[in-house]
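What follows is the content of structure.cif (mmCIF, C-alpha atoms).
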data_query
loop_
_atom_site.group_PDB
_atom_site.id
_atom_site.type_symbol
_atom_site.label_atom_id
_atom_site.label_comp_id
_atom_site.auth_asym_id
_atom_site.auth_seq_id
_atom_site.Cartn_x
_atom_site.Cartn_y
_atom_site.Cartn_z
ATOM 1 C CA MET P 1 -12.141 69.674 -10.310
ATOM 2 C CA ALA P 2 -8.720 68.064 -10.110
ATOM 3 C CA ARG P 3 -8.766 65.225 -7.591
ATOM 4 C CA SER P 4 -5.784 64.485 -5.379
ATOM 5 C CA ALA P 5 -4.300 60.985 -5.286
ATOM 6 C CA LEU P 6 -5.990 60.362 -1.929
ATOM 7 C CA LEU P 7 -9.379 61.441 -3.214
ATOM 8 C CA ASN P 8 -8.974 59.209 -6.263
ATOM 9 C CA ILE P 9 -8.333 56.270 -3.942
ATOM 10 C CA MET P 10 -11.489 57.061 -1.989
ATOM 11 C CA VAL P 11 -13.617 57.429 -5.120
ATOM 12 C CA THR P 12 -12.334 54.134 -6.521
ATOM 13 C CA ALA P 13 -13.211 52.357 -3.273
ATOM 14 C CA ALA P 14 -16.687 53.915 -3.218
ATOM 15 C CA PHE P 15 -17.331 52.941 -6.841
ATOM 16 C CA LYS P 16 -16.278 49.322 -6.233
ATOM 17 C CA ALA P 17 -18.474 49.039 -3.148
ATOM 18 C CA GLY P 18 -21.272 50.745 -5.049
ATOM 19 C CA ARG P 19 -21.157 48.144 -7.822
ATOM 20 C CA SER P 20 -21.494 45.388 -5.221
ATOM 21 C CA LEU P 21 -24.428 47.156 -3.567
ATOM 22 C CA THR P 22 -26.158 47.817 -6.876
ATOM 23 C CA LYS P 23 -25.973 44.121 -7.741
ATOM 24 C CA ASP P 24 -27.347 43.151 -4.340
ATOM 25 C CA PHE P 25 -30.015 45.864 -4.493
ATOM 26 C CA GLY P 26 -31.322 44.224 -7.638
ATOM 27 C CA GLU P 27 -32.026 41.100 -5.599
ATOM 28 C CA VAL P 28 -33.858 42.865 -2.774
ATOM 29 C CA GLU P 29 -37.086 43.292 -4.725
ATOM 30 C CA ASN P 30 -37.289 39.538 -5.304
ATOM 31 C CA LEU P 31 -36.635 38.848 -1.644
ATOM 32 C CA GLN P 32 -39.410 41.188 -0.421
ATOM 33 C CA VAL P 33 -42.023 38.544 -1.224
ATOM 34 C CA SER P 34 -40.166 35.645 0.393
ATOM 35 C CA VAL P 35 -41.168 34.281 3.796
ATOM 36 C CA LYS P 36 -37.775 34.972 5.324
ATOM 37 C CA GLY P 37 -37.490 38.437 3.822
ATOM 38 C CA PRO P 38 -34.338 40.288 2.809
ATOM 39 C CA ALA P 39 -32.969 41.297 6.234
ATOM 40 C CA ASP P 40 -30.134 38.756 6.437
ATOM 41 C CA PHE P 41 -29.287 39.324 2.796
ATOM 42 C CA VAL P 42 -29.015 43.091 3.346
ATOM 43 C CA THR P 43 -26.798 42.602 6.400
ATOM 44 C CA ASN P 44 -24.441 40.515 4.287
ATOM 45 C CA ALA P 45 -24.537 43.120 1.495
ATOM 46 C CA ASP P 46 -23.533 45.789 4.011
ATOM 47 C CA LYS P 47 -20.636 43.691 5.314
ATOM 48 C CA ALA P 48 -19.495 42.810 1.790
ATOM 49 C CA ALA P 49 -19.404 46.485 0.797
ATOM 50 C CA GLU P 50 -17.356 47.312 3.890
ATOM 51 C CA LYS P 51 -14.847 44.562 3.083
ATOM 52 C CA ILE P 52 -14.444 45.984 -0.426
ATOM 53 C CA VAL P 53 -13.813 49.513 0.867
ATOM 54 C CA HIS P 54 -11.424 48.255 3.546
ATOM 55 C CA ALA P 55 -9.456 46.142 1.087
ATOM 56 C CA GLU P 56 -9.163 48.923 -1.469
ATOM 57 C CA LEU P 57 -8.058 51.566 1.029
ATOM 58 C CA SER P 58 -5.688 49.191 2.865
ATOM 59 C CA LYS P 59 -3.987 48.285 -0.392
ATOM 60 C CA ALA P 60 -3.412 51.945 -1.233
ATOM 61 C CA ARG P 61 -2.473 53.201 2.254
ATOM 62 C CA PRO P 62 -1.500 50.229 4.457
ATOM 63 C CA THR P 63 -0.440 52.346 7.451
ATOM 64 C CA TYR P 64 -3.771 54.168 7.876
ATOM 65 C CA GLY P 65 -6.276 53.226 10.561
ATOM 66 C CA PHE P 66 -10.011 52.597 10.191
ATOM 67 C CA LEU P 67 -13.235 53.414 11.986
ATOM 68 C CA MET P 68 -16.052 51.427 10.359
ATOM 69 C CA GLU P 69 -19.727 50.841 11.083
ATOM 70 C CA GLU P 70 -19.583 47.059 10.917
ATOM 71 C CA SER P 71 -16.046 46.234 12.044
ATOM 72 C CA GLY P 72 -15.343 49.022 14.498
ATOM 73 C CA GLU P 73 -11.896 50.560 14.917
ATOM 74 C CA ILE P 74 -8.647 49.202 13.500
ATOM 75 C CA LYS P 75 -5.568 51.096 14.618
ATOM 76 C CA GLY P 76 -3.095 52.285 11.999
ATOM 77 C CA THR P 77 0.657 52.372 12.390
ATOM 78 C CA ASP P 78 1.255 55.944 11.239
ATOM 79 C CA GLY P 79 -0.765 57.458 14.102
ATOM 80 C CA GLN P 80 -2.036 60.339 11.989
ATOM 81 C CA HIS P 81 -4.535 59.042 9.449
ATOM 82 C CA ARG P 82 -7.805 57.189 9.808
ATOM 83 C CA TRP P 83 -10.529 56.275 7.332
ATOM 84 C CA ILE P 84 -14.083 56.694 8.646
ATOM 85 C CA ILE P 85 -16.472 54.495 6.674
ATOM 86 C CA ASP P 86 -20.177 53.806 6.363
ATOM 87 C CA PRO P 87 -20.432 51.238 3.572
ATOM 88 C CA LEU P 88 -24.233 51.424 3.378
ATOM 89 C CA ASP P 89 -25.793 54.549 4.830
ATOM 90 C CA GLY P 90 -29.521 54.044 4.426
ATOM 91 C CA THR P 91 -29.803 50.369 5.306
ATOM 92 C CA THR P 92 -33.546 50.529 5.960
ATOM 93 C CA ASN P 93 -34.119 52.133 2.564
ATOM 94 C CA PHE P 94 -32.015 49.421 0.951
ATOM 95 C CA LEU P 95 -33.955 46.758 2.844
ATOM 96 C CA HIS P 96 -37.257 48.063 1.463
ATOM 97 C CA GLY P 97 -36.083 48.576 -2.091
ATOM 98 C CA ILE P 98 -35.943 52.373 -1.794
ATOM 99 C CA PRO P 99 -33.102 53.652 -4.021
ATOM 100 C CA LEU P 100 -31.792 56.218 -1.558
ATOM 101 C CA PHE P 101 -28.595 55.065 0.128
ATOM 102 C CA ALA P 102 -24.894 55.855 -0.058
ATOM 103 C CA VAL P 103 -21.336 54.699 0.417
ATOM 104 C CA ALA P 104 -19.730 57.307 2.696
ATOM 105 C CA ILE P 105 -15.990 57.672 3.355
ATOM 106 C CA ALA P 106 -14.034 60.368 5.198
ATOM 107 C CA LEU P 107 -10.316 60.730 5.834
ATOM 108 C CA GLN P 108 -9.228 62.004 9.228
ATOM 109 C CA ARG P 109 -5.751 63.518 9.597
ATOM 110 C CA GLY P 110 -4.928 64.279 13.193
ATOM 111 C CA ASP P 111 -7.992 66.031 14.567
ATOM 112 C CA GLU P 112 -9.266 67.176 11.161
ATOM 113 C CA ILE P 113 -11.427 65.698 8.417
ATOM 114 C CA VAL P 114 -9.540 66.480 5.213
ATOM 115 C CA ALA P 115 -11.345 64.546 2.458
ATOM 116 C CA SER P 116 -14.734 62.950 1.947
ATOM 117 C CA VAL P 117 -16.796 60.995 -0.569
ATOM 118 C CA ILE P 118 -20.539 60.294 -0.578
ATOM 119 C CA TYR P 119 -21.708 58.137 -3.479
ATOM 120 C CA ASN P 120 -25.223 56.948 -4.347
ATOM 121 C CA PRO P 121 -24.698 53.981 -6.665
ATOM 122 C CA VAL P 122 -28.303 53.974 -7.935
ATOM 123 C CA SER P 123 -28.452 57.635 -9.002
ATOM 124 C CA GLU P 124 -24.690 57.546 -9.688
ATOM 125 C CA GLU P 125 -24.291 60.889 -7.937
ATOM 126 C CA LEU P 126 -20.805 61.444 -6.541
ATOM 127 C CA PHE P 127 -20.259 64.123 -3.898
ATOM 128 C CA VAL P 128 -16.637 64.843 -2.971
ATOM 129 C CA ALA P 129 -14.732 67.397 -0.921
ATOM 130 C CA GLU P 130 -11.189 68.145 0.137
ATOM 131 C CA LYS P 131 -10.134 70.639 2.753
ATOM 132 C CA GLY P 132 -9.617 73.961 1.007
ATOM 133 C CA GLY P 133 -10.634 72.548 -2.375
ATOM 134 C CA GLY P 134 -14.377 73.030 -2.258
ATOM 135 C CA ALA P 135 -17.254 70.565 -2.460
ATOM 136 C CA TRP P 136 -18.256 69.097 -5.810
ATOM 137 C CA LEU P 137 -20.945 67.028 -7.498
ATOM 138 C CA ASP P 138 -19.730 64.646 -10.213
ATOM 139 C CA ASP P 139 -16.454 66.614 -10.470
ATOM 140 C CA LYS P 140 -18.260 69.309 -12.472
ATOM 141 C CA LYS P 141 -20.572 71.337 -10.277
ATOM 142 C CA ARG P 142 -19.139 73.249 -7.339
ATOM 143 C CA LEU P 143 -21.552 73.092 -4.435
ATOM 144 C CA ARG P 144 -22.865 75.982 -2.360
ATOM 145 C CA VAL P 145 -25.479 75.907 0.353
ATOM 146 C CA ALA P 146 -28.770 77.624 -0.449
ATOM 147 C CA ASN P 147 -29.025 81.289 0.473
ATOM 148 C CA ARG P 148 -32.489 81.336 2.016
ATOM 149 C CA LYS P 149 -32.687 83.535 5.105
ATOM 150 C CA HIS P 150 -36.062 82.685 6.587
ATOM 151 C CA LEU P 151 -37.021 79.371 8.148
ATOM 152 C CA ALA P 152 -40.540 79.833 6.787
ATOM 153 C CA ASP P 153 -39.089 79.404 3.271
ATOM 154 C CA ALA P 154 -36.814 76.500 4.189
ATOM 155 C CA VAL P 155 -37.083 72.729 3.718
ATOM 156 C CA ILE P 156 -35.505 70.921 6.669
ATOM 157 C CA THR P 157 -34.424 67.280 6.904
ATOM 158 C CA THR P 158 -34.184 65.130 10.000
ATOM 159 C CA GLY P 159 -33.865 61.510 11.062
ATOM 160 C CA ILE P 160 -36.181 61.139 14.017
ATOM 161 C CA LYS P 161 -36.673 57.657 15.446
ATOM 162 C CA VAL P 162 -39.566 56.772 17.710
ATOM 163 C CA THR P 163 -38.487 53.991 20.071
ATOM 164 C CA GLY P 164 -39.725 55.449 23.331
ATOM 165 C CA THR P 165 -36.470 56.803 24.736
ATOM 166 C CA PRO P 166 -36.126 60.257 26.369
ATOM 167 C CA ILE P 167 -34.069 61.361 23.343
ATOM 168 C CA ASP P 168 -36.956 60.378 21.064
ATOM 169 C CA ALA P 169 -39.363 62.390 23.183
ATOM 170 C CA GLN P 170 -37.045 65.387 23.028
ATOM 171 C CA GLN P 171 -36.738 65.141 19.254
ATOM 172 C CA LEU P 172 -40.507 64.974 18.889
ATOM 173 C CA LYS P 173 -40.722 68.206 20.878
ATOM 174 C CA GLN P 174 -38.162 69.704 18.512
ATOM 175 C CA LEU P 175 -40.207 68.540 15.541
ATOM 176 C CA GLY P 176 -43.258 70.144 17.092
ATOM 177 C CA VAL P 177 -41.657 73.570 17.073
ATOM 178 C CA ILE P 178 -39.587 73.294 13.860
ATOM 179 C CA SER P 179 -42.306 71.857 11.612
ATOM 180 C CA PRO P 180 -44.749 74.776 11.874
ATOM 181 C CA ALA P 181 -41.894 77.265 11.506
ATOM 182 C CA ALA P 182 -40.491 75.728 8.282
ATOM 183 C CA ALA P 183 -41.800 75.334 4.741
ATOM 184 C CA GLY P 184 -41.495 71.557 5.011
ATOM 185 C CA ILE P 185 -39.849 68.614 6.779
ATOM 186 C CA ARG P 186 -38.254 65.682 4.942
ATOM 187 C CA ARG P 187 -36.781 62.375 6.122
ATOM 188 C CA THR P 188 -34.483 60.661 3.623
ATOM 189 C CA GLY P 189 -33.313 57.818 5.867
ATOM 190 C CA SER P 190 -29.639 58.545 5.137
ATOM 191 C CA ALA P 191 -27.659 61.081 7.148
ATOM 192 C CA SER P 192 -24.912 61.268 4.530
ATOM 193 C CA THR P 193 -27.520 62.044 1.882
ATOM 194 C CA ASP P 194 -29.085 64.717 4.083
ATOM 195 C CA LEU P 195 -25.742 66.479 4.429
ATOM 196 C CA ALA P 196 -24.808 66.069 0.760
ATOM 197 C CA TRP P 197 -28.149 67.520 -0.315
ATOM 198 C CA LEU P 198 -27.727 70.339 2.179
ATOM 199 C CA ALA P 199 -24.317 71.151 0.698
ATOM 200 C CA ALA P 200 -25.889 71.087 -2.774
ATOM 201 C CA GLY P 201 -28.641 73.539 -1.818
ATOM 202 C CA ARG P 202 -31.447 71.019 -2.314
ATOM 203 C CA VAL P 203 -32.534 71.395 1.299
ATOM 204 C CA ASP P 204 -31.875 74.264 3.678
ATOM 205 C CA GLY P 205 -31.249 72.714 7.075
ATOM 206 C CA TYR P 206 -30.820 69.465 8.966
ATOM 207 C CA TRP P 207 -30.974 68.330 12.552
ATOM 208 C CA GLU P 208 -30.606 64.925 14.180
ATOM 209 C CA ALA P 209 -29.168 63.227 17.268
ATOM 210 C CA ARG P 210 -27.754 59.776 18.087
ATOM 211 C CA LEU P 211 -25.575 59.740 14.981
ATOM 212 C CA GLN P 212 -22.215 57.986 14.686
ATOM 213 C CA PRO P 213 -18.946 59.479 13.368
ATOM 214 C CA TRP P 214 -19.339 57.603 10.063
ATOM 215 C CA ASP P 215 -22.770 59.227 9.650
ATOM 216 C CA VAL P 216 -21.455 62.749 10.140
ATOM 217 C CA ALA P 217 -17.791 63.041 9.110
ATOM 218 C CA PRO P 218 -18.151 62.719 5.292
ATOM 219 C CA GLY P 219 -21.015 65.209 5.149
ATOM 220 C CA TRP P 220 -19.384 67.555 7.641
ATOM 221 C CA LEU P 221 -16.553 68.387 5.249
ATOM 222 C CA LEU P 222 -18.883 68.651 2.245
ATOM 223 C CA LEU P 223 -21.023 71.119 4.140
ATOM 224 C CA ARG P 224 -18.094 73.200 5.383
ATOM 225 C CA GLU P 225 -16.553 73.394 1.922
ATOM 226 C CA ALA P 226 -19.950 74.425 0.514
ATOM 227 C CA GLY P 227 -20.144 77.357 2.918
ATOM 228 C CA GLY P 228 -22.421 75.786 5.526
ATOM 229 C CA THR P 229 -22.353 75.689 9.307
ATOM 230 C CA MET P 230 -22.760 72.789 11.717
ATOM 231 C CA THR P 231 -22.908 72.671 15.512
ATOM 232 C CA ASP P 232 -24.173 70.299 18.144
ATOM 233 C CA TYR P 233 -27.311 71.066 20.158
ATOM 234 C CA ALA P 234 -25.337 73.239 22.572
ATOM 235 C CA GLY P 235 -23.864 75.301 19.738
ATOM 236 C CA GLY P 236 -20.450 73.661 20.005
ATOM 237 C CA ALA P 237 -18.193 71.996 17.445
ATOM 238 C CA GLY P 238 -18.559 68.392 18.623
ATOM 239 C CA SER P 239 -21.102 67.059 16.114
ATOM 240 C CA ILE P 240 -18.896 64.364 14.569
ATOM 241 C CA TRP P 241 -18.114 62.757 17.907
ATOM 242 C CA ASN P 242 -21.221 63.397 20.040
ATOM 243 C CA GLY P 243 -23.732 62.673 17.278
ATOM 244 C CA GLU P 244 -25.774 65.875 17.554
ATOM 245 C CA VAL P 245 -26.148 67.861 14.327
ATOM 246 C CA VAL P 246 -27.758 71.218 13.606
ATOM 247 C CA ALA P 247 -26.747 72.396 10.136
ATOM 248 C CA GLY P 248 -27.534 74.860 7.387
ATOM 249 C CA ASN P 249 -26.302 78.166 6.067
ATOM 250 C CA GLU P 250 -25.283 80.479 8.893
ATOM 251 C CA THR P 251 -28.704 82.132 9.151
ATOM 252 C CA ILE P 252 -30.923 79.055 8.927
ATOM 253 C CA GLN P 253 -28.625 77.082 11.225
ATOM 254 C CA GLY P 254 -28.896 79.838 13.817
ATOM 255 C CA GLN P 255 -32.679 79.847 13.617
ATOM 256 C CA LEU P 256 -32.836 76.053 13.914
ATOM 257 C CA LEU P 257 -30.473 76.040 16.873
ATOM 258 C CA LYS P 258 -32.568 78.638 18.694
ATOM 259 C CA LEU P 259 -35.706 76.521 18.292
ATOM 260 C CA ILE P 260 -33.903 73.349 19.385
ATOM 261 C CA LYS P 261 -32.551 75.025 22.512
ATOM 262 C CA GLY P 262 -36.045 76.263 23.306
ATOM 263 C CA ALA P 263 -37.769 72.901 22.818
ATOM 264 C CA LYS P 264 -37.679 71.798 26.443
#
Take the structure from the file and write it as structure tokens.
Amino acid sequence: MARSALLNIMVTAAFKAGRSLTKDFGEVENLQVSVKGPADFVTNADKAAEKIVHAELSKARPTYGFLMEESGEIKGTDGQHRWIIDPLDGTTNFLHGIPLFAVAIALQRGDEIVASVIYNPVSEELFVAEKGGGAWLDDKKRLRVANRKHLADAVITTGIKVTGTPIDAQQLKQLGVISPAAAGIRRTGSASTDLAWLAAGRVDGYWEARLQPWDVAPGWLLLREAGGTMTDYAGGAGSIWNGEVVAGNETIQGQLLKLIKGAK
């Protein structure tokens, strides 16, 4: 694929943050056996990666705003563009030395997401998308969602937490009806990875609640450009902002949504 100037800027920022995370990830294994543990170290790694992405994008487009996991919102002066950033999506994986995490960046223009990057610095897989330009893996493979039509043949990802809240209880009910209907359930620990893998056809569907815009926006565009469908739990288009995601190809997404609506 031929990247635009904006997408090149995003990829460069993701690569620089990824190098910082890879270096820090190499230290996590040593810290696992320490009395204090790696938690504080990982928090600092997350913040350092965000500073790198912010600095790189600010240098290239100084008038754009930001919405970031660690630093919150920073208003831009142009009023039209905003970067949405998760510098380390998969923090718990990172903390435990599991090499499944990503730098995720989306560009919002007005009310639309127009470009996105999801980069795993350990596997060195780069997922990118631009509005109308398709979704791509490593600039070489154009992505399409899998074409499976029956939930019984489908592998579904999710991100259920169990902390005792009513939302947790509701998601466990959803799991109770989706799990026996599907071929398998997976939990990667990284929402961006779930959506990138869904766009790539590695998994067939995904549902989760309590997500943040930086969890959803990069993968949302990848999925749309790969021919997939995403709604919230009510079947509406608000997933990025209300944190509810039901996604897949049109058929699998519809089957998932029906089960979720029925899991009362």
> Do you know which residues the PyMOL selection byres ((chain P and resi 173-190) around 6) returns on this file, as number ranges by chain?
Replying inline: P: 89-90, 151-159, 170-172, 191-193, 260, 263
Give me a file of those residues, with C-alpha atoms, as an mmCIF file, keeping the file's coordinate frame.
data_model
loop_
_atom_site.group_PDB
_atom_site.id
_atom_site.type_symbol
_atom_site.label_atom_id
_atom_site.label_comp_id
_atom_site.auth_asym_id
_atom_site.auth_seq_id
_atom_site.Cartn_x
_atom_site.Cartn_y
_atom_site.Cartn_z
ATOM 1 C CA ASP P 89 -25.793 54.549 4.830
ATOM 2 C CA GLY P 90 -29.521 54.044 4.426
ATOM 3 C CA LEU P 151 -37.021 79.371 8.148
ATOM 4 C CA ALA P 152 -40.540 79.833 6.787
ATOM 5 C CA ASP P 153 -39.089 79.404 3.271
ATOM 6 C CA ALA P 154 -36.814 76.500 4.189
ATOM 7 C CA VAL P 155 -37.083 72.729 3.718
ATOM 8 C CA ILE P 156 -35.505 70.921 6.669
ATOM 9 C CA THR P 157 -34.424 67.280 6.904
ATOM 10 C CA THR P 158 -34.184 65.130 10.000
ATOM 11 C CA GLY P 159 -33.865 61.510 11.062
ATOM 12 C CA GLN P 170 -37.045 65.387 23.028
ATOM 13 C CA GLN P 171 -36.738 65.141 19.254
ATOM 14 C CA LEU P 172 -40.507 64.974 18.889
ATOM 15 C CA ALA P 191 -27.659 61.081 7.148
ATOM 16 C CA SER P 192 -24.912 61.268 4.530
ATOM 17 C CA THR P 193 -27.520 62.044 1.882
ATOM 18 C CA ILE P 260 -33.903 73.349 19.385
ATOM 19 C CA ALA P 263 -37.769 72.901 22.818
#
> Mind telling me what the PyMOL selection byres ((chain P and resi 202-218) around 8) catches here, as an NGL selection string?
Replying inline: :P and (67-69 or 84-86 or 89 or 104-106 or 113 or 115-118 or 145-146 or 148 or 154-160 or 171 or 191-192 or 194-195 or 197-201 or 219-222 or 239-249 or 252-253 or 256)
Take the residues just selected and output them with C-alpha atoms as a PDB file, in the frame of the given file.
ATOM      1  CA  LEU P  67     -13.235  53.414  11.986  1.00  0.00           C
ATOM      2  CA  MET P  68     -16.052  51.427  10.359  1.00  0.00           C
ATOM      3  CA  GLU P  69     -19.727  50.841  11.083  1.00  0.00           C
ATOM      4  CA  ILE P  84     -14.083  56.694   8.646  1.00  0.00           C
ATOM      5  CA  ILE P  85     -16.472  54.495   6.674  1.00  0.00           C
ATOM      6  CA  ASP P  86     -20.177  53.806   6.363  1.00  0.00           C
ATOM      7  CA  ASP P  89     -25.793  54.549   4.830  1.00  0.00           C
ATOM      8  CA  ALA P 104     -19.730  57.307   2.696  1.00  0.00           C
ATOM      9  CA  ILE P 105     -15.990  57.672   3.355  1.00  0.00           C
ATOM     10  CA  ALA P 106     -14.034  60.368   5.198  1.00  0.00           C
ATOM     11  CA  ILE P 113     -11.427  65.698   8.417  1.00  0.00           C
ATOM     12  CA  ALA P 115     -11.345  64.546   2.458  1.00  0.00           C
ATOM     13  CA  SER P 116     -14.734  62.950   1.947  1.00  0.00           C
ATOM     14  CA  VAL P 117     -16.796  60.995  -0.569  1.00  0.00           C
ATOM     15  CA  ILE P 118     -20.539  60.294  -0.578  1.00  0.00           C
ATOM     16  CA  VAL P 145     -25.479  75.907   0.353  1.00  0.00           C
ATOM     17  CA  ALA P 146     -28.770  77.624  -0.449  1.00  0.00           C
ATOM     18  CA  ARG P 148     -32.489  81.336   2.016  1.00  0.00           C
ATOM     19  CA  ALA P 154     -36.814  76.500   4.189  1.00  0.00           C
ATOM     20  CA  VAL P 155     -37.083  72.729   3.718  1.00  0.00           C
ATOM     21  CA  ILE P 156     -35.505  70.921   6.669  1.00  0.00           C
ATOM     22  CA  THR P 157     -34.424  67.280   6.904  1.00  0.00           C
ATOM     23  CA  THR P 158     -34.184  65.130  10.000  1.00  0.00           C
ATOM     24  CA  GLY P 159     -33.865  61.510  11.062  1.00  0.00           C
ATOM     25  CA  ILE P 160     -36.181  61.139  14.017  1.00  0.00           C
ATOM     26  CA  GLN P 171     -36.738  65.141  19.254  1.00  0.00           C
ATOM     27  CA  ALA P 191     -27.659  61.081   7.148  1.00  0.00           C
ATOM     28  CA  SER P 192     -24.912  61.268   4.530  1.00  0.00           C
ATOM     29  CA  ASP P 194     -29.085  64.717   4.083  1.00  0.00           C
ATOM     30  CA  LEU P 195     -25.742  66.479   4.429  1.00  0.00           C
ATOM     31  CA  TRP P 197     -28.149  67.520  -0.315  1.00  0.00           C
ATOM     32  CA  LEU P 198     -27.727  70.339   2.179  1.00  0.00           C
ATOM     33  CA  ALA P 199     -24.317  71.151   0.698  1.00  0.00           C
ATOM     34  CA  ALA P 200     -25.889  71.087  -2.774  1.00  0.00           C
ATOM     35  CA  GLY P 201     -28.641  73.539  -1.818  1.00  0.00           C
ATOM     36  CA  GLY P 219     -21.015  65.209   5.149  1.00  0.00           C
ATOM     37  CA  TRP P 220     -19.384  67.555   7.641  1.00  0.00           C
ATOM     38  CA  LEU P 221     -16.553  68.387   5.249  1.00  0.00           C
ATOM     39  CA  LEU P 222     -18.883  68.651   2.245  1.00  0.00           C
ATOM     40  CA  SER P 239     -21.102  67.059  16.114  1.00  0.00           C
ATOM     41  CA  ILE P 240     -18.896  64.364  14.569  1.00  0.00           C
ATOM     42  CA  TRP P 241     -18.114  62.757  17.907  1.00  0.00           C
ATOM     43  CA  ASN P 242     -21.221  63.397  20.040  1.00  0.00           C
ATOM     44  CA  GLY P 243     -23.732  62.673  17.278  1.00  0.00           C
ATOM     45  CA  GLU P 244     -25.774  65.875  17.554  1.00  0.00           C
ATOM     46  CA  VAL P 245     -26.148  67.861  14.327  1.00  0.00           C
ATOM     47  CA  VAL P 246     -27.758  71.218  13.606  1.00  0.00           C
ATOM     48  CA  ALA P 247     -26.747  72.396  10.136  1.00  0.00           C
ATOM     49  CA  GLY P 248     -27.534  74.860   7.387  1.00  0.00           C
ATOM     50  CA  ASN P 249     -26.302  78.166   6.067  1.00  0.00           C
ATOM     51  CA  ILE P 252     -30.923  79.055   8.927  1.00  0.00           C
ATOM     52  CA  GLN P 253     -28.625  77.082  11.225  1.00  0.00           C
ATOM     53  CA  LEU P 256     -32.836  76.053  13.914  1.00  0.00           C
TER      54      LEU P 256
END
> So how many Å separate CA of Gly134 (chain P) and CA of Lys258 (chain P), to one decimal?
Replying inline: 28.3 Å
> Residues at most 9 Å from region 75-81 of chain P, counting only C-alpha atoms, excluding those fewer than 2 positions away in the same chain, as an NGL selection string?
Replying inline: :P and (62-67 or 73 or 83 or 107-111)
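The space separating CA of Ala17 (chain P) from CA of His96 (chain P) comes to 19.4 Å.
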Kindly provide, as lines of an AutoDock Vina configuration file, the centre and edge lengths (Å, one decimal) of an axis-aligned box around all atoms of region 95-101 of chain P given in the file, with 6 Å on each side.
center_x = -32.9
center_y = 51.5
center_z = -0.6
size_x = 20.7
size_y = 21.5
size_z = 18.9
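Between CA of Asn44 (chain P) and CA of Asp24 (chain P) the interatomic distance comes to 9.5 Å.
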For the point (-23.5, 55.9, -8.9) in the file's frame, write as a PDB file with C-alpha atoms, in the coordinates of the input all residues with an atom no more than 12 Å away, counting only C-alpha atoms.
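The resulting out-v7.pdb:
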ATOM      1  CA  VAL P  11     -13.617  57.429  -5.120  1.00  0.00           C
ATOM      2  CA  THR P  12     -12.334  54.134  -6.521  1.00  0.00           C
ATOM      3  CA  ALA P  14     -16.687  53.915  -3.218  1.00  0.00           C
ATOM      4  CA  PHE P  15     -17.331  52.941  -6.841  1.00  0.00           C
ATOM      5  CA  LYS P  16     -16.278  49.322  -6.233  1.00  0.00           C
ATOM      6  CA  ALA P  17     -18.474  49.039  -3.148  1.00  0.00           C
ATOM      7  CA  GLY P  18     -21.272  50.745  -5.049  1.00  0.00           C
ATOM      8  CA  ARG P  19     -21.157  48.144  -7.822  1.00  0.00           C
ATOM      9  CA  SER P  20     -21.494  45.388  -5.221  1.00  0.00           C
ATOM     10  CA  LEU P  21     -24.428  47.156  -3.567  1.00  0.00           C
ATOM     11  CA  THR P  22     -26.158  47.817  -6.876  1.00  0.00           C
ATOM     12  CA  PRO P  99     -33.102  53.652  -4.021  1.00  0.00           C
ATOM     13  CA  LEU P 100     -31.792  56.218  -1.558  1.00  0.00           C
ATOM     14  CA  PHE P 101     -28.595  55.065   0.128  1.00  0.00           C
ATOM     15  CA  ALA P 102     -24.894  55.855  -0.058  1.00  0.00           C
ATOM     16  CA  VAL P 103     -21.336  54.699   0.417  1.00  0.00           C
ATOM     17  CA  VAL P 117     -16.796  60.995  -0.569  1.00  0.00           C
ATOM     18  CA  ILE P 118     -20.539  60.294  -0.578  1.00  0.00           C
ATOM     19  CA  TYR P 119     -21.708  58.137  -3.479  1.00  0.00           C
ATOM     20  CA  ASN P 120     -25.223  56.948  -4.347  1.00  0.00           C
ATOM     21  CA  PRO P 121     -24.698  53.981  -6.665  1.00  0.00           C
ATOM     22  CA  VAL P 122     -28.303  53.974  -7.935  1.00  0.00           C
ATOM     23  CA  SER P 123     -28.452  57.635  -9.002  1.00  0.00           C
ATOM     24  CA  GLU P 124     -24.690  57.546  -9.688  1.00  0.00           C
ATOM     25  CA  GLU P 125     -24.291  60.889  -7.937  1.00  0.00           C
ATOM     26  CA  LEU P 126     -20.805  61.444  -6.541  1.00  0.00           C
ATOM     27  CA  PHE P 127     -20.259  64.123  -3.898  1.00  0.00           C
ATOM     28  CA  LEU P 137     -20.945  67.028  -7.498  1.00  0.00           C
ATOM     29  CA  ASP P 138     -19.730  64.646 -10.213  1.00  0.00           C
TER      30      ASP P 138
END
> Do you know which residues the PyMOL selection byres ((chain P and resi 60) around 12) returns on this file, as a ChimeraX atom specification?
Replying inline: /P:5-10,12-13,53-59,61-64,83
Take the residues that were just selected and, keeping C-alpha atoms, output them as a short mmCIF file (atom, residue, chain, number, x, y, z; two decimals), in the frame of the given file.
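Contents of part.cif, as written:
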data_model
loop_
_atom_site.label_atom_id
_atom_site.label_comp_id
_atom_site.auth_asym_id
_atom_site.auth_seq_id
_atom_site.Cartn_x
_atom_site.Cartn_y
_atom_site.Cartn_z
CA ALA P 5 -4.30 60.98 -5.29
CA LEU P 6 -5.99 60.36 -1.93
CA LEU P 7 -9.38 61.44 -3.21
CA ASN P 8 -8.97 59.21 -6.26
CA ILE P 9 -8.33 56.27 -3.94
CA MET P 10 -11.49 57.06 -1.99
CA THR P 12 -12.33 54.13 -6.52
CA ALA P 13 -13.21 52.36 -3.27
CA VAL P 53 -13.81 49.51 0.87
CA HIS P 54 -11.42 48.26 3.55
CA ALA P 55 -9.46 46.14 1.09
CA GLU P 56 -9.16 48.92 -1.47
CA LEU P 57 -8.06 51.57 1.03
CA SER P 58 -5.69 49.19 2.86
CA LYS P 59 -3.99 48.28 -0.39
CA ARG P 61 -2.47 53.20 2.25
CA PRO P 62 -1.50 50.23 4.46
CA THR P 63 -0.44 52.35 7.45
CA TYR P 64 -3.77 54.17 7.88
CA TRP P 83 -10.53 56.28 7.33
#
